[in-house]
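Trainee: One structure follows; several queries about it will come next.
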Amino acid sequence: MRTLLCFLVAILFPFSVSAQTLLLPDRVFDGEDIHEGWAVLIDGATITWVGPVAEAPRTTDRMELEGMTLLPGLIEGHSHVLLHPYNETSWNDQVLRESTAERAIRAAIHAERTLMVGFTTIRDLGAEGAGYADVGVKTAIRKGIIKGPRMLVAGPAIVATGSYGPKGFNPEVGQPLGANPADGMDDLMREARTQIGNGADFIKVYADYRWGPNGEAMPTFTLEELTRLREVTESSGRPLVAHASTDEGMRRAVLAGVETIEHGDGGSQQVFEMMASRGVVWYPTLAAVEAISGYGGWKKGVDPDPERIVAKKAVFRQALALGVPIGMGGDVGVYPHGENAWEMELMAEYGMPTLAVLRAATSLNADTFHLADRGRVRAGLLADLVAVAGNPLDDMRAVRDVRLVMKGGEVVRDER
């Protein structure tokens with residue numbers, strides 16, 4: 001009886017199953033290489049076939065993408081969806097003066113802007129004083145309440161007592177902090193488990209911060225503390241990642257077994273060699289450095305590069321030459337959400353081959369974040385796809401000219 005019913009449904013309602021659609025761009029970047037004259041077949045939320053147009057399965061539904069390059073949905077590796085640009089409101093005032101409700105509403109807008117420019121997945125590196133609002137934003141997107149990318153979230157992140165801000169207040173007056181303090185083995189274990197229990201997909205720790213005698217960046221946790229934190233985090237099936245900008249902070253974090261280093265401005269040749277040999281991925285956040293320099297009055301192309309940018313370019317090229325795996329993540333939130341591609345442009349400008357930049361924003365990020373279902377255009381993976389005009393292999397600025405965005409096979413932007 002059940003077989004007969006299925007047969008009748010198929011006859012009476014031939015389109016009740018997911019329709020297949022063949023995408024026909026000029027070229028496909030599959031997460032590894034560019035292929036001219038390829039097509040991609042999707043069925044519902046999934047890619048079902050990829051290959052030369054001449055070998056494409058026959059289907060009545062075809063989507064012409066003339067003059068375009070089809071890529072996997074881009075993956076933002078370092079985002080703060082609850083922050084907005086510091087030239088609008090300082091970080092201190094966002095933490096101290098903006099309610100969690102206001103920040104969550106802003107985050108919903110930020111999430112949609114991010115999706116519409118082709119970033120279908122983001123890793124969010126901390127709520128910066130908004131508790132677990134990032135978990136709430138992720139949940140709202142998953143339920144379809146708001147539009148946005150798939151999210152991996154850190155929750156509050158972990159800092160050493162006394163190291164993080166806002167600072168400068170009467171110590172007798174309590175004020176909100178941008179992350180949760182913890183110290184010593186038991187406290188770190190408890191805080192990590194609390195954050196995991198409240199929905200964190202990974203744990204972020206500040207391995208150093210600007211708390212030296214003269215306000216300079218200095219390490220915060222001992223190697224033993226970081227190692228124990230990694231063990232606790234890893235036992236839950238989650239990675240530990242580290243904010244680290246000093247050579248010693250980076251060294252301790254790498255030895256402790258973190259999976260990624262964020263910022264890394266002060267890394268030495270020795271520590272970058274360690275990262276390369278251990279496969280620790282670096283997120284240099286170039287765009288944040290340029291944005292903050294711009295807020296301070298620097299005019300790119302007019303003024304000489306400030307010392308911090310000169311140093312950042314040098315350390316980027318050093319890490320590149322040493323074979324450090326470099327992911328794409330710009331610390332967006334420091335600058336406007338929706339401008340995510342700026343980091344890709346700077347990576348190319350600072351010396352990374354364009355093909356490597358495309359990989360960094362797709363397959364490398366997917367592998368780094370343990371996302372086996374995306375980051376490539378391959379049969380069996382999610383139909384998270386973006387089409388851009390032109391060829392980003394020739395000019396990285398092409399990734400800004402977004403014409404089509406699909407998330408799970410659903411068209412969320414169509415500018416063809």
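Each chain in the structure tokens gets a letter, A, B, ..., in the order shown, and its residues are numbered from 1; ligands are numbered from 1 in order too.
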Using only C-alpha atoms, determine which residues lie at most 9 Å from stretch 123-132 of chain A, disregarding the query and same-chain residues fewer than 2 positions distant; provide the list as number ranges by chain.

Mentor: A: 75-83, 91, 94-96, 99-100, 103-104, 121, 134-137, 150-157, 176-180, 195, 198-200, 203-204, 329, 331, 369

Trainee: Leaving out stretch 270-278 of chain A and any residue of its chain fewer than 6 positions from it, which residues lie within 8 Å of it when counting only C-alpha atoms, given as an MDAnalysis selection string?

Mentor: chainID A and resid 247 250:251 254 319 322:325

Trainee: Please run DSSP on the backbone and report, as number ranges by chain, all residues within stretch 235-362 of chain A that come out as strand (DSSP E).

Mentor: A: 240-244, 260-263, 281-283

Trainee: Find the residues near A:Met347: any atom within 9 Å, counting only C-alpha atoms, skip ones fewer than 4 places away on the same chain, and give them as a list in words.

Mentor: Leu286, Phe316, Met328, Trp342, Glu343, Gly351, Met352, Pro353, Thr354 and Val357 of chain A

Trainee: Include C-alpha atoms and write out the residues we just selected as a PDB file, in the first residue's frame.

Mentor:
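The resulting file, part38.pdb, is shown below:
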```pdb
ATOM      1  CA  LEU A 286      45.360  42.728   8.476  1.00  0.00           C
ATOM      2  CA  PHE A 316      53.198  38.513   7.111  1.00  0.00           C
ATOM      3  CA  MET A 328      41.320  34.415   6.142  1.00  0.00           C
ATOM      4  CA  TRP A 342      38.863  43.650   2.517  1.00  0.00           C
ATOM      5  CA  GLU A 343      41.020  41.086   4.335  1.00  0.00           C
ATOM      6  CA  GLY A 351      52.176  39.126  -1.054  1.00  0.00           C
ATOM      7  CA  MET A 352      49.993  36.018  -0.870  1.00  0.00           C
ATOM      8  CA  PRO A 353      49.205  34.464  -4.286  1.00  0.00           C
ATOM      9  CA  THR A 354      45.573  34.998  -5.232  1.00  0.00           C
ATOM     10  CA  VAL A 357      43.916  33.667  -0.732  1.00  0.00           C
TER      11      VAL A 357
END
```

Trainee: Would you kindly return, as a PyMOL selection string, each protein, DNA or RNA residue with an atom no farther than 9 Å from any atom of A:Leu382, considering only C-alpha atoms and excluding same-chain residues fewer than 2 positions away?

Mentor: chain A and resi 45-47+373-380+384-385+407-409

Trainee: For those residues, write N, CA and C atoms to a file as an mmCIF file, in the first residue's frame.

Mentor:
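result.cif written:
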```cif
data_model
loop_
_atom_site.group_PDB
_atom_site.id
_atom_site.type_symbol
_atom_site.label_atom_id
_atom_site.label_comp_id
_atom_site.auth_asym_id
_atom_site.auth_seq_id
_atom_site.Cartn_x
_atom_site.Cartn_y
_atom_site.Cartn_z
ATOM 1 N N ALA A 45 19.477 21.177 -0.975
ATOM 2 C CA ALA A 45 20.524 21.836 -0.205
ATOM 3 C C ALA A 45 21.923 21.317 -0.505
ATOM 4 N N THR A 46 22.026 20.396 -1.472
ATOM 5 C CA THR A 46 23.277 19.665 -1.662
ATOM 6 C C THR A 46 23.802 19.778 -3.090
ATOM 7 N N ILE A 47 25.113 19.825 -3.214
ATOM 8 C CA ILE A 47 25.774 19.700 -4.521
ATOM 9 C C ILE A 47 25.788 18.217 -4.877
ATOM 10 N N ASP A 373 31.600 19.518 5.629
ATOM 11 C CA ASP A 373 30.451 19.600 4.718
ATOM 12 C C ASP A 373 30.456 20.861 3.863
ATOM 13 N N ARG A 374 31.508 21.651 3.889
ATOM 14 C CA ARG A 374 31.534 22.909 3.133
ATOM 15 C C ARG A 374 32.976 23.326 2.823
ATOM 16 N N GLY A 375 33.110 24.470 2.142
ATOM 17 C CA GLY A 375 34.441 24.988 1.832
ATOM 18 C C GLY A 375 34.983 24.556 0.494
ATOM 19 N N ARG A 376 34.255 23.655 -0.172
ATOM 20 C CA ARG A 376 34.648 23.182 -1.498
ATOM 21 C C ARG A 376 33.397 23.014 -2.360
ATOM 22 N N VAL A 377 33.586 23.043 -3.661
ATOM 23 C CA VAL A 377 32.497 22.722 -4.588
ATOM 24 C C VAL A 377 32.721 21.278 -4.992
ATOM 25 N N ARG A 378 31.989 20.408 -4.327
ATOM 26 C CA ARG A 378 32.211 18.970 -4.493
ATOM 27 C C ARG A 378 30.897 18.244 -4.231
ATOM 28 N N ALA A 379 30.648 17.193 -4.967
ATOM 29 C CA ALA A 379 29.426 16.412 -4.787
ATOM 30 C C ALA A 379 29.332 15.906 -3.351
ATOM 31 N N GLY A 380 28.141 16.067 -2.779
ATOM 32 C CA GLY A 380 27.879 15.615 -1.431
ATOM 33 C C GLY A 380 27.991 16.699 -0.382
ATOM 34 N N ASP A 384 26.344 25.705 -0.453
ATOM 35 C CA ASP A 384 26.686 27.074 -0.039
ATOM 36 C C ASP A 384 27.613 27.608 -1.120
ATOM 37 N N LEU A 385 27.108 28.525 -1.942
ATOM 38 C CA LEU A 385 27.821 28.943 -3.144
ATOM 39 C C LEU A 385 27.694 30.442 -3.347
ATOM 40 N N LYS A 407 22.703 29.689 0.113
ATOM 41 C CA LYS A 407 22.994 29.041 1.389
ATOM 42 C C LYS A 407 22.111 27.802 1.481
ATOM 43 N N GLY A 408 22.732 26.643 1.476
ATOM 44 C CA GLY A 408 21.968 25.409 1.490
ATOM 45 C C GLY A 408 21.032 25.288 0.316
ATOM 46 N N GLY A 409 21.469 25.756 -0.852
ATOM 47 C CA GLY A 409 20.666 25.665 -2.070
ATOM 48 C C GLY A 409 19.613 26.739 -2.207
#
```
